[in-house]
file target.cif (mmCIF, C-alpha atoms and all ligand atoms)
data_input
#
loop_
_atom_site.group_PDB
_atom_site.id
_atom_site.type_symbol
_atom_site.label_atom_id
_atom_site.label_comp_id
_atom_site.auth_asym_id
_atom_site.auth_seq_id
_atom_site.Cartn_x
_atom_site.Cartn_y
_atom_site.Cartn_z
ATOM 1 C CA MET E 264 54.539 -40.921 16.567
ATOM 2 C CA ARG E 265 52.008 -38.162 16.444
ATOM 3 C CA ASN E 266 53.352 -35.154 14.647
ATOM 4 C CA ILE E 267 50.464 -32.808 14.161
ATOM 5 C CA VAL E 268 49.755 -29.420 12.645
ATOM 6 C CA LEU E 269 46.716 -27.733 14.176
ATOM 7 C CA MET E 270 44.749 -25.254 12.084
ATOM 8 C CA GLY E 271 41.581 -23.289 12.619
ATOM 9 C CA PRO E 272 40.161 -19.762 12.721
ATOM 10 C CA PRO E 273 40.029 -17.611 15.870
ATOM 11 C CA GLY E 274 37.114 -18.700 18.050
ATOM 12 C CA ALA E 275 36.990 -22.284 16.747
ATOM 13 C CA GLY E 276 38.311 -23.707 20.004
ATOM 14 C CA LYS E 277 41.889 -24.261 18.915
ATOM 15 C CA GLY E 278 43.430 -23.066 22.186
ATOM 16 C CA THR E 279 41.132 -25.191 24.344
ATOM 17 C CA LEU E 280 41.665 -28.262 22.176
ATOM 18 C CA ALA E 281 45.436 -27.794 22.233
ATOM 19 C CA THR E 282 45.425 -27.497 26.022
ATOM 20 C CA LYS E 283 43.392 -30.707 26.404
ATOM 21 C CA LEU E 284 45.576 -32.627 23.953
ATOM 22 C CA ARG E 285 48.648 -31.475 25.812
ATOM 23 C CA GLU E 286 47.272 -32.432 29.219
ATOM 24 C CA GLU E 287 45.644 -35.724 28.296
ATOM 25 C CA LEU E 288 47.779 -37.094 25.451
ATOM 26 C CA HIS E 289 51.031 -35.485 26.629
ATOM 27 C CA LEU E 290 51.722 -33.959 23.246
ATOM 28 C CA VAL E 291 54.138 -31.054 23.252
ATOM 29 C CA HIS E 292 52.177 -27.935 22.280
ATOM 30 C CA ILE E 293 54.273 -25.557 20.210
ATOM 31 C CA SER E 294 52.732 -22.198 19.534
ATOM 32 C CA THR E 295 54.861 -19.920 17.418
ATOM 33 C CA GLY E 296 54.002 -16.959 19.662
ATOM 34 C CA ASP E 297 55.421 -18.764 22.712
ATOM 35 C CA MET E 298 58.374 -19.951 20.664
ATOM 36 C CA PHE E 299 59.296 -16.379 19.701
ATOM 37 C CA ARG E 300 58.950 -15.158 23.283
ATOM 38 C CA GLU E 301 61.164 -17.953 24.581
ATOM 39 C CA ALA E 302 63.894 -17.470 21.967
ATOM 40 C CA ILE E 303 63.929 -13.731 22.642
ATOM 41 C CA LYS E 304 64.068 -14.240 26.408
ATOM 42 C CA ASN E 305 66.970 -16.683 26.037
ATOM 43 C CA ALA E 306 68.663 -14.313 23.571
ATOM 44 C CA THR E 307 69.548 -17.083 21.105
ATOM 45 C CA ASP E 308 70.946 -15.950 17.736
ATOM 46 C CA LEU E 309 67.600 -16.500 16.028
ATOM 47 C CA GLY E 310 65.820 -14.912 18.972
ATOM 48 C CA LYS E 311 67.930 -11.763 18.661
ATOM 49 C CA LEU E 312 67.213 -11.660 14.942
ATOM 50 C CA ALA E 313 63.472 -12.128 15.476
ATOM 51 C CA LYS E 314 63.484 -9.379 18.101
ATOM 52 C CA LYS E 315 65.042 -6.935 15.662
ATOM 53 C CA PHE E 316 62.168 -7.422 13.229
ATOM 54 C CA LEU E 317 59.454 -7.383 15.872
ATOM 55 C CA ASP E 318 60.855 -4.267 17.572
ATOM 56 C CA SER E 319 60.778 -2.376 14.298
ATOM 57 C CA GLY E 320 57.173 -3.424 13.747
ATOM 58 C CA ASN E 321 57.939 -5.830 10.916
ATOM 59 C CA LEU E 322 56.926 -9.410 10.301
ATOM 60 C CA VAL E 323 59.595 -11.952 11.120
ATOM 61 C CA PRO E 324 60.879 -13.352 7.783
ATOM 62 C CA ASP E 325 60.145 -16.981 6.969
ATOM 63 C CA ASP E 326 63.736 -18.180 7.190
ATOM 64 C CA VAL E 327 64.035 -16.913 10.773
ATOM 65 C CA THR E 328 60.728 -18.503 11.791
ATOM 66 C CA VAL E 329 61.606 -21.741 10.006
ATOM 67 C CA GLY E 330 64.954 -21.809 11.810
ATOM 68 C CA LEU E 331 63.208 -21.410 15.158
ATOM 69 C CA VAL E 332 60.650 -24.113 14.336
ATOM 70 C CA LYS E 333 63.422 -26.492 13.295
ATOM 71 C CA GLU E 334 65.370 -25.842 16.472
ATOM 72 C CA ARG E 335 62.242 -26.376 18.589
ATOM 73 C CA LEU E 336 61.041 -29.560 16.841
ATOM 74 C CA SER E 337 64.534 -31.079 17.060
ATOM 75 C CA ARG E 338 64.456 -31.078 20.835
ATOM 76 C CA ASP E 339 64.142 -34.289 22.768
ATOM 77 C CA ASP E 340 60.688 -33.561 24.190
ATOM 78 C CA CYS E 341 59.214 -33.697 20.652
ATOM 79 C CA LYS E 342 60.305 -37.245 19.961
ATOM 80 C CA ASN E 343 56.912 -38.746 20.871
ATOM 81 C CA GLY E 344 54.844 -36.206 19.004
ATOM 82 C CA PHE E 345 54.084 -32.506 18.860
ATOM 83 C CA LEU E 346 51.234 -30.192 18.155
ATOM 84 C CA LEU E 347 52.302 -27.279 15.992
ATOM 85 C CA ASP E 348 50.013 -24.278 16.346
ATOM 86 C CA GLY E 349 50.255 -21.011 14.384
ATOM 87 C CA PHE E 350 52.618 -22.407 11.748
ATOM 88 C CA PRO E 351 52.584 -22.818 8.775
ATOM 89 C CA ARG E 352 50.426 -19.896 7.660
ATOM 90 C CA THR E 353 51.435 -19.856 4.007
ATOM 91 C CA LEU E 354 52.228 -22.359 1.278
ATOM 92 C CA VAL E 355 55.883 -21.334 1.279
ATOM 93 C CA GLN E 356 56.048 -22.017 5.010
ATOM 94 C CA ALA E 357 54.311 -25.385 4.541
ATOM 95 C CA GLU E 358 56.893 -26.446 1.985
ATOM 96 C CA ALA E 359 59.707 -25.291 4.259
ATOM 97 C CA LEU E 360 58.137 -27.241 7.111
ATOM 98 C CA ASP E 361 58.069 -30.368 4.943
ATOM 99 C CA ARG E 362 61.751 -30.044 4.204
ATOM 100 C CA LEU E 363 62.829 -29.377 7.753
ATOM 101 C CA THR E 364 60.711 -32.125 9.333
ATOM 102 C CA LYS E 365 62.200 -34.597 6.858
ATOM 103 C CA GLU E 366 65.705 -33.395 7.709
ATOM 104 C CA ILE E 367 65.151 -34.066 11.394
ATOM 105 C CA ASN E 368 63.205 -37.265 10.624
ATOM 106 C CA ARG E 369 60.026 -36.097 12.315
ATOM 107 C CA PRO E 370 57.631 -35.711 9.380
ATOM 108 C CA ILE E 371 54.172 -34.181 9.743
ATOM 109 C CA GLU E 372 51.660 -37.032 9.927
ATOM 110 C CA THR E 373 48.327 -35.322 10.467
ATOM 111 C CA VAL E 374 46.856 -31.900 9.872
ATOM 112 C CA ILE E 375 43.865 -31.230 12.095
ATOM 113 C CA ASN E 376 41.691 -28.472 10.737
ATOM 114 C CA LEU E 377 38.859 -27.018 12.789
ATOM 115 C CA ASP E 378 36.082 -26.141 10.430
ATOM 116 C CA CYS E 379 33.584 -23.708 11.791
ATOM 117 C CA ASP E 380 30.741 -21.734 10.311
ATOM 118 C CA THR E 381 31.704 -18.037 10.082
ATOM 119 C CA ASN E 382 28.386 -16.842 11.534
ATOM 120 C CA GLU E 383 28.827 -19.128 14.506
ATOM 121 C CA LEU E 384 32.329 -17.787 15.103
ATOM 122 C CA VAL E 385 31.060 -14.220 14.955
ATOM 123 C CA ARG E 386 28.326 -15.083 17.459
ATOM 124 C CA ARG E 387 30.853 -16.672 19.794
ATOM 125 C CA ILE E 388 33.476 -13.989 19.647
ATOM 126 C CA SER E 389 31.230 -10.924 19.554
ATOM 127 C CA GLY E 390 29.507 -12.177 22.740
ATOM 128 C CA ARG E 391 32.769 -12.227 24.668
ATOM 129 C CA ARG E 392 33.172 -9.887 27.626
ATOM 130 C CA VAL E 393 36.137 -9.403 29.908
ATOM 131 C CA CYS E 394 36.395 -7.956 33.421
ATOM 132 C CA LYS E 395 38.251 -4.670 33.382
ATOM 133 C CA ASN E 396 39.734 -5.310 36.827
ATOM 134 C CA CYS E 397 40.700 -8.964 36.973
ATOM 135 C CA GLY E 398 40.494 -10.114 33.339
ATOM 136 C CA ALA E 399 37.957 -12.906 34.016
ATOM 137 C CA PRO E 400 36.255 -14.002 30.757
ATOM 138 C CA TYR E 401 32.461 -14.064 30.193
ATOM 139 C CA HIS E 402 30.041 -14.612 27.347
ATOM 140 C CA ILE E 403 26.665 -12.908 27.041
ATOM 141 C CA GLU E 404 24.977 -16.180 26.009
ATOM 142 C CA THR E 405 27.055 -19.098 27.195
ATOM 143 C CA MET E 406 28.865 -17.769 30.276
ATOM 144 C CA LYS E 407 26.701 -15.031 31.727
ATOM 145 C CA PRO E 408 27.703 -13.185 34.876
ATOM 146 C CA LYS E 409 25.163 -13.266 37.755
ATOM 147 C CA VAL E 410 24.520 -9.551 37.288
ATOM 148 C CA ASP E 411 24.595 -8.052 33.796
ATOM 149 C CA GLY E 412 27.861 -6.261 33.059
ATOM 150 C CA VAL E 413 29.381 -7.002 36.485
ATOM 151 C CA CYS E 414 32.183 -9.461 37.282
ATOM 152 C CA ASP E 415 31.143 -12.340 39.590
ATOM 153 C CA ILE E 416 34.589 -12.532 41.096
ATOM 154 C CA CYS E 417 35.565 -8.953 41.853
ATOM 155 C CA GLY E 418 32.531 -6.803 41.016
ATOM 156 C CA GLY E 419 34.461 -4.972 38.283
ATOM 157 C CA PRO E 420 32.839 -3.731 35.056
ATOM 158 C CA LEU E 421 32.765 -6.033 32.006
ATOM 159 C CA PHE E 422 33.776 -4.726 28.608
ATOM 160 C CA GLN E 423 34.143 -5.888 25.022
ATOM 161 C CA ARG E 424 37.627 -5.900 23.503
ATOM 162 C CA PRO E 425 37.768 -3.504 20.542
ATOM 163 C CA ASP E 426 38.862 -6.243 18.100
ATOM 164 C CA ASP E 427 35.988 -8.502 19.184
ATOM 165 C CA ASN E 428 33.402 -6.400 17.315
ATOM 166 C CA GLU E 429 31.353 -8.008 14.581
ATOM 167 C CA ASP E 430 32.533 -6.089 11.505
ATOM 168 C CA ALA E 431 36.242 -6.357 12.272
ATOM 169 C CA LEU E 432 35.751 -10.036 12.983
ATOM 170 C CA LYS E 433 34.022 -10.798 9.711
ATOM 171 C CA ILE E 434 36.927 -9.242 7.846
ATOM 172 C CA ARG E 435 39.456 -11.145 9.932
ATOM 173 C CA LEU E 436 37.669 -14.458 9.415
ATOM 174 C CA GLN E 437 37.237 -13.911 5.703
ATOM 175 C CA HIS E 438 40.925 -13.141 5.457
ATOM 176 C CA TYR E 439 41.723 -16.297 7.394
ATOM 177 C CA VAL E 440 39.579 -18.467 5.118
ATOM 178 C CA THR E 441 41.106 -17.002 1.950
ATOM 179 C CA SER E 442 44.692 -17.233 3.137
ATOM 180 C CA THR E 443 44.493 -20.782 4.493
ATOM 181 C CA LYS E 444 42.569 -22.314 1.579
ATOM 182 C CA PRO E 445 45.685 -23.080 -0.485
ATOM 183 C CA LEU E 446 47.294 -24.580 2.598
ATOM 184 C CA LEU E 447 44.351 -26.901 3.203
ATOM 185 C CA ALA E 448 44.417 -27.983 -0.446
ATOM 186 C CA TYR E 449 48.138 -28.675 -0.140
ATOM 187 C CA TYR E 450 47.647 -30.988 2.843
ATOM 188 C CA GLU E 451 44.561 -32.545 1.301
ATOM 189 C CA ASP E 452 46.644 -33.542 -1.724
ATOM 190 C CA LYS E 453 49.158 -35.194 0.565
ATOM 191 C CA GLY E 454 46.376 -37.119 2.277
ATOM 192 C CA LEU E 455 47.181 -35.537 5.649
ATOM 193 C CA LEU E 456 44.178 -33.267 6.150
ATOM 194 C CA LYS E 457 41.470 -34.190 8.616
ATOM 195 C CA ASN E 458 38.575 -31.774 9.173
ATOM 196 C CA PHE E 459 36.681 -31.529 12.435
ATOM 197 C CA ASN E 460 33.756 -29.360 13.351
ATOM 198 C CA SER E 461 33.708 -27.690 16.743
ATOM 199 C CA LEU E 462 30.021 -26.737 16.672
ATOM 200 C CA GLY E 463 29.101 -29.647 18.958
ATOM 201 C CA GLY E 464 31.209 -28.240 21.769
ATOM 202 C CA ILE E 465 34.745 -28.786 22.976
ATOM 203 C CA GLU E 466 34.163 -32.108 24.791
ATOM 204 C CA ARG E 467 32.755 -33.717 21.690
ATOM 205 C CA LEU E 468 35.488 -32.259 19.516
ATOM 206 C CA PHE E 469 38.133 -33.608 21.865
ATOM 207 C CA ASP E 470 36.556 -37.110 21.798
ATOM 208 C CA GLU E 471 36.414 -37.096 18.003
ATOM 209 C CA VAL E 472 40.030 -35.965 17.702
ATOM 210 C CA THR E 473 41.361 -38.507 20.222
ATOM 211 C CA ASN E 474 39.350 -41.322 18.588
ATOM 212 C CA PHE E 475 40.783 -40.371 15.247
ATOM 213 C CA LEU E 476 44.346 -40.201 16.556
ATOM 214 C CA SER E 477 44.119 -43.554 18.328
ATOM 215 C CA SER E 478 42.728 -45.222 15.188
ATOM 216 C CA LYS E 479 45.785 -44.260 13.184
HETATM 217 ZN ZN ZN K 501 36.713 -9.232 37.836
#
call {"tool": "encode", "arguments": {"input": "target.cif", "output": "structure tokens", "more": "lines below"}}
Ligand SMILES: [Zn+2]
result
Amino acid sequence: MRNIVLMGPPGAGKGTLATKLREELHLVHISTGDMFREAIKNATDLGKLAKKFLDSGNLVPDDVTVGLVKERLSRDDCKNGFLLDGFPRTLVQAEALDRLTKEINRPIETVINLDCDTNELVRRISGRRVCKNCGAPYHIETMKPKVDGVCDICGGPLFQRPDDNEDALKIRLQHYVTSTKPLLAYYEDKGLLKNFNSLGGIERLFDEVTNFLSSK
């Protein structure tokens, strides 16, 4: 059984890693964002409740989120392992997750944390550009378009998303580090935490993670 919590700051390669783990190890990838959207679309009781909070611009309370996570992790497709992404975000949520995964007899076995230097993350994210017309992604250092500022695919103009600017990012990352520290300590104490560094690129990260998982 491979029941995994995936943690890491924006830009650390979490999405790419999750996609590869899903495709190559057939783990069910559960992102809380997707989970909310699905529950709301299907108009389940918890989905309706979550929608009420989201529509009024509020955070969804923990008990609603925990209920959704429990419902999702109980499903048959999670019996051979899952990759939980975007949850827990707080200590209270982590404790709730412990209780619920014990109740359904699918306890968390590994917490994969992507460690990444803040300056490196800023460099990665602040270099992102997106095509205004077709949405194709670029990077001014690692994925340059053939012509500066012009999309290779459709010729549209490239732009930088407002929240990808350096100052906003530094604040966001600092906030992430501060808020997840207690969570990392919690999992460290339980002997579940495993840190990986994504600086060497996604292929290497994926190899390290799969080697680790197969050695368990
Ligand atoms: Zn384009």
call {"tool": "residues_around", "arguments": {"input": "target.cif", "residues": "Met406 (chain E)", "least_positions_apart": "5", "cutoff": "12 Å", "atoms": "only C-alpha atoms", "output": "mmCIF file with C-alpha atoms, in the coordinates of the input"}}
result
data_model
loop_
_atom_site.group_PDB
_atom_site.id
_atom_site.type_symbol
_atom_site.label_atom_id
_atom_site.label_comp_id
_atom_site.auth_asym_id
_atom_site.auth_seq_id
_atom_site.Cartn_x
_atom_site.Cartn_y
_atom_site.Cartn_z
ATOM 1 C CA ARG E 387 30.853 -16.672 19.794
ATOM 2 C CA GLY E 390 29.507 -12.177 22.740
ATOM 3 C CA ARG E 391 32.769 -12.227 24.668
ATOM 4 C CA ARG E 392 33.172 -9.887 27.626
ATOM 5 C CA VAL E 393 36.137 -9.403 29.908
ATOM 6 C CA ALA E 399 37.957 -12.906 34.016
ATOM 7 C CA PRO E 400 36.255 -14.002 30.757
ATOM 8 C CA TYR E 401 32.461 -14.064 30.193
ATOM 9 C CA ASP E 411 24.595 -8.052 33.796
ATOM 10 C CA GLY E 412 27.861 -6.261 33.059
ATOM 11 C CA CYS E 414 32.183 -9.461 37.282
ATOM 12 C CA ASP E 415 31.143 -12.340 39.590
#
call {"tool": "resolve_selection", "arguments": {"input": "target.cif", "expression": "the PyMOL selection byres (((chain E and resi 447) around 12) and not hetatm)", "output": "PyMOL selection string"}}
result
chain E and resi 268-271+351-354+357+373-378+439-446+448-458
call {"tool": "resolve_selection", "arguments": {"input": "target.cif", "expression": "the PyMOL selection byres (((chain E and resi 297) around 12) and not hetatm)", "output": "MDAnalysis selection string"}}
result
chainID E and resid 292:296 298:304 310 331:332 335 347:350
call {"tool": "resolve_selection", "arguments": {"input": "target.cif", "expression": "the PyMOL selection byres (((not hetatm)) within 6 of (chain K and resi 501))", "output": "PyMOL selection string"}}
result
chain E and resi 394+396-399+414+416-419
call {"tool": "write_last_selection", "arguments": {"input": "target.cif", "atoms": "C-alpha atoms", "output": "tab-separated table (two decimals), keeping the file's coordinate frame"}}
result
chain	number	residue	atom	x	y	z
E	394	CYS	CA	36.40	-7.96	33.42
E	396	ASN	CA	39.73	-5.31	36.83
E	397	CYS	CA	40.70	-8.96	36.97
E	398	GLY	CA	40.49	-10.11	33.34
E	399	ALA	CA	37.96	-12.91	34.02
E	414	CYS	CA	32.18	-9.46	37.28
E	416	ILE	CA	34.59	-12.53	41.10
E	417	CYS	CA	35.56	-8.95	41.85
E	418	GLY	CA	32.53	-6.80	41.02
E	419	GLY	CA	34.46	-4.97	38.28
call {"tool": "residues_around", "arguments": {"input": "target.cif", "residues": "region 459-466 of chain E", "least_positions_apart": "3", "cutoff": "10 Å", "atoms": "only C-alpha atoms", "output": "PyMOL selection string"}}
result
chain E and resi 271+274-277+279-280+283+375-380+383-384+456+469-472
call {"tool": "closest_residue", "arguments": {"input": "target.cif", "among": "E:Gly320, E:Gly330, E:Pro273, E:Pro420", "to": "Asp308 (chain E)", "atoms": "only C-alpha atoms"}}
result
E:Gly330
call {"tool": "axis_aligned_box", "arguments": {"input": "target.cif", "around": "region 442-452 of chain E", "padding_each_side": "6 Å", "output": "lines of an AutoDock Vina configuration file"}}
result
center_x = 45.4
center_y = -25.4
center_z = 1.4
size_x = 17.6
size_y = 28.3
size_z = 18.2
call {"tool": "atom_distance", "arguments": {"input": "target.cif", "atom1": "CA of Glu358 (chain E)", "atom2": "CA of Val329 (chain E)"}}
result
10.4 Å
call {"tool": "atom_distance", "arguments": {"input": "target.cif", "atom1": "CA of Lys479 (chain E)", "atom2": "CA of Arg338 (chain E)"}}
result
24.1 Å
call {"tool": "closest_residue", "arguments": {"input": "target.cif", "among": "E:Ala306, E:Val385, E:Leu421, E:Ile367", "to": "Ile434 (chain E)", "atoms": "only C-alpha atoms"}}
result
E:Val385
call {"tool": "closest_residue", "arguments": {"input": "target.cif", "among": "E:Asp340, E:Arg369, E:Lys314, E:Leu309", "to": "Asp326 (chain E)", "atoms": "all atoms listed in the file"}}
result
E:Leu309
call {"tool": "atom_distance", "arguments": {"input": "target.cif", "atom1": "CA of Asn428 (chain E)", "atom2": "CA of Ala281 (chain E)"}}
result
25.0 Å
call {"tool": "build_atoms", "arguments": {"input": "target.cif", "residues": "region 425-454 of chain E", "atoms": "N, CA and C atoms", "output": "PDB file, keeping the file's coordinate frame"}}
result
ATOM      1  N   PRO E 425      38.066  -4.219  21.801  1.00  0.00           N
ATOM      2  CA  PRO E 425      37.768  -3.504  20.542  1.00  0.00           C
ATOM      3  C   PRO E 425      37.816  -4.424  19.314  1.00  0.00           C
ATOM      4  N   ASP E 426      38.753  -5.395  19.293  1.00  0.00           N
ATOM      5  CA  ASP E 426      38.862  -6.243  18.100  1.00  0.00           C
ATOM      6  C   ASP E 426      37.876  -7.413  18.121  1.00  0.00           C
ATOM      7  N   ASP E 427      37.021  -7.468  19.149  1.00  0.00           N
ATOM      8  CA  ASP E 427      35.988  -8.502  19.184  1.00  0.00           C
ATOM      9  C   ASP E 427      34.672  -8.017  18.559  1.00  0.00           C
ATOM     10  N   ASN E 428      34.665  -6.869  17.905  1.00  0.00           N
ATOM     11  CA  ASN E 428      33.402  -6.400  17.315  1.00  0.00           C
ATOM     12  C   ASN E 428      33.123  -7.104  15.991  1.00  0.00           C
ATOM     13  N   GLU E 429      31.835  -7.164  15.661  1.00  0.00           N
ATOM     14  CA  GLU E 429      31.353  -8.008  14.581  1.00  0.00           C
ATOM     15  C   GLU E 429      31.972  -7.709  13.204  1.00  0.00           C
ATOM     16  N   ASP E 430      32.044  -6.429  12.844  1.00  0.00           N
ATOM     17  CA  ASP E 430      32.533  -6.089  11.505  1.00  0.00           C
ATOM     18  C   ASP E 430      34.005  -6.445  11.328  1.00  0.00           C
ATOM     19  N   ALA E 431      34.812  -6.066  12.334  1.00  0.00           N
ATOM     20  CA  ALA E 431      36.242  -6.357  12.272  1.00  0.00           C
ATOM     21  C   ALA E 431      36.463  -7.863  12.198  1.00  0.00           C
ATOM     22  N   LEU E 432      35.647  -8.579  12.957  1.00  0.00           N
ATOM     23  CA  LEU E 432      35.751 -10.036  12.983  1.00  0.00           C
ATOM     24  C   LEU E 432      35.469 -10.680  11.651  1.00  0.00           C
ATOM     25  N   LYS E 433      34.390 -10.219  11.007  1.00  0.00           N
ATOM     26  CA  LYS E 433      34.022 -10.798   9.711  1.00  0.00           C
ATOM     27  C   LYS E 433      35.165 -10.645   8.722  1.00  0.00           C
ATOM     28  N   ILE E 434      35.802  -9.485   8.747  1.00  0.00           N
ATOM     29  CA  ILE E 434      36.927  -9.242   7.846  1.00  0.00           C
ATOM     30  C   ILE E 434      38.082 -10.182   8.187  1.00  0.00           C
ATOM     31  N   ARG E 435      38.368 -10.280   9.474  1.00  0.00           N
ATOM     32  CA  ARG E 435      39.456 -11.145   9.932  1.00  0.00           C
ATOM     33  C   ARG E 435      39.211 -12.604   9.533  1.00  0.00           C
ATOM     34  N   LEU E 436      37.998 -13.060   9.723  1.00  0.00           N
ATOM     35  CA  LEU E 436      37.669 -14.458   9.415  1.00  0.00           C
ATOM     36  C   LEU E 436      37.721 -14.726   7.919  1.00  0.00           C
ATOM     37  N   GLN E 437      37.209 -13.755   7.149  1.00  0.00           N
ATOM     38  CA  GLN E 437      37.237 -13.911   5.703  1.00  0.00           C
ATOM     39  C   GLN E 437      38.680 -14.003   5.216  1.00  0.00           C
ATOM     40  N   HIS E 438      39.509 -13.143   5.804  1.00  0.00           N
ATOM     41  CA  HIS E 438      40.925 -13.141   5.457  1.00  0.00           C
ATOM     42  C   HIS E 438      41.552 -14.487   5.810  1.00  0.00           C
ATOM     43  N   TYR E 439      41.188 -14.999   6.968  1.00  0.00           N
ATOM     44  CA  TYR E 439      41.723 -16.297   7.394  1.00  0.00           C
ATOM     45  C   TYR E 439      41.353 -17.393   6.401  1.00  0.00           C
ATOM     46  N   VAL E 440      40.070 -17.433   6.039  1.00  0.00           N
ATOM     47  CA  VAL E 440      39.579 -18.467   5.118  1.00  0.00           C
ATOM     48  C   VAL E 440      40.320 -18.396   3.786  1.00  0.00           C
ATOM     49  N   THR E 441      40.438 -17.181   3.237  1.00  0.00           N
ATOM     50  CA  THR E 441      41.106 -17.002   1.950  1.00  0.00           C
ATOM     51  C   THR E 441      42.573 -17.429   2.013  1.00  0.00           C
ATOM     52  N   SER E 442      43.248 -16.992   3.097  1.00  0.00           N
ATOM     53  CA  SER E 442      44.692 -17.233   3.137  1.00  0.00           C
ATOM     54  C   SER E 442      45.029 -18.691   3.458  1.00  0.00           C
ATOM     55  N   THR E 443      44.143 -19.401   4.149  1.00  0.00           N
ATOM     56  CA  THR E 443      44.493 -20.782   4.493  1.00  0.00           C
ATOM     57  C   THR E 443      43.997 -21.803   3.471  1.00  0.00           C
ATOM     58  N   LYS E 444      43.107 -21.373   2.571  1.00  0.00           N
ATOM     59  CA  LYS E 444      42.569 -22.314   1.579  1.00  0.00           C
ATOM     60  C   LYS E 444      43.644 -23.074   0.803  1.00  0.00           C
ATOM     61  N   PRO E 445      44.645 -22.365   0.259  1.00  0.00           N
ATOM     62  CA  PRO E 445      45.685 -23.080  -0.485  1.00  0.00           C
ATOM     63  C   PRO E 445      46.448 -24.077   0.384  1.00  0.00           C
ATOM     64  N   LEU E 446      46.590 -23.722   1.652  1.00  0.00           N
ATOM     65  CA  LEU E 446      47.294 -24.580   2.598  1.00  0.00           C
ATOM     66  C   LEU E 446      46.515 -25.871   2.844  1.00  0.00           C
ATOM     67  N   LEU E 447      45.196 -25.723   2.982  1.00  0.00           N
ATOM     68  CA  LEU E 447      44.351 -26.901   3.203  1.00  0.00           C
ATOM     69  C   LEU E 447      44.386 -27.808   1.978  1.00  0.00           C
ATOM     70  N   ALA E 448      44.361 -27.197   0.793  1.00  0.00           N
ATOM     71  CA  ALA E 448      44.417 -27.983  -0.446  1.00  0.00           C
ATOM     72  C   ALA E 448      45.740 -28.739  -0.539  1.00  0.00           C
ATOM     73  N   TYR E 449      46.803 -28.077  -0.121  1.00  0.00           N
ATOM     74  CA  TYR E 449      48.138 -28.675  -0.140  1.00  0.00           C
ATOM     75  C   TYR E 449      48.172 -29.945   0.724  1.00  0.00           C
ATOM     76  N   TYR E 450      47.637 -29.834   1.946  1.00  0.00           N
ATOM     77  CA  TYR E 450      47.647 -30.988   2.843  1.00  0.00           C
ATOM     78  C   TYR E 450      46.633 -32.050   2.430  1.00  0.00           C
ATOM     79  N   GLU E 451      45.553 -31.605   1.824  1.00  0.00           N
ATOM     80  CA  GLU E 451      44.561 -32.545   1.301  1.00  0.00           C
ATOM     81  C   GLU E 451      45.206 -33.442   0.237  1.00  0.00           C
ATOM     82  N   ASP E 452      45.953 -32.810  -0.662  1.00  0.00           N
ATOM     83  CA  ASP E 452      46.644 -33.542  -1.724  1.00  0.00           C
ATOM     84  C   ASP E 452      47.603 -34.591  -1.168  1.00  0.00           C
ATOM     85  N   LYS E 453      48.201 -34.262  -0.040  1.00  0.00           N
ATOM     86  CA  LYS E 453      49.158 -35.194   0.565  1.00  0.00           C
ATOM     87  C   LYS E 453      48.453 -36.266   1.398  1.00  0.00           C
ATOM     88  N   GLY E 454      47.136 -36.141   1.498  1.00  0.00           N
ATOM     89  CA  GLY E 454      46.376 -37.119   2.277  1.00  0.00           C
ATOM     90  C   GLY E 454      46.535 -36.953   3.780  1.00  0.00           C
TER      91      GLY E 454
END
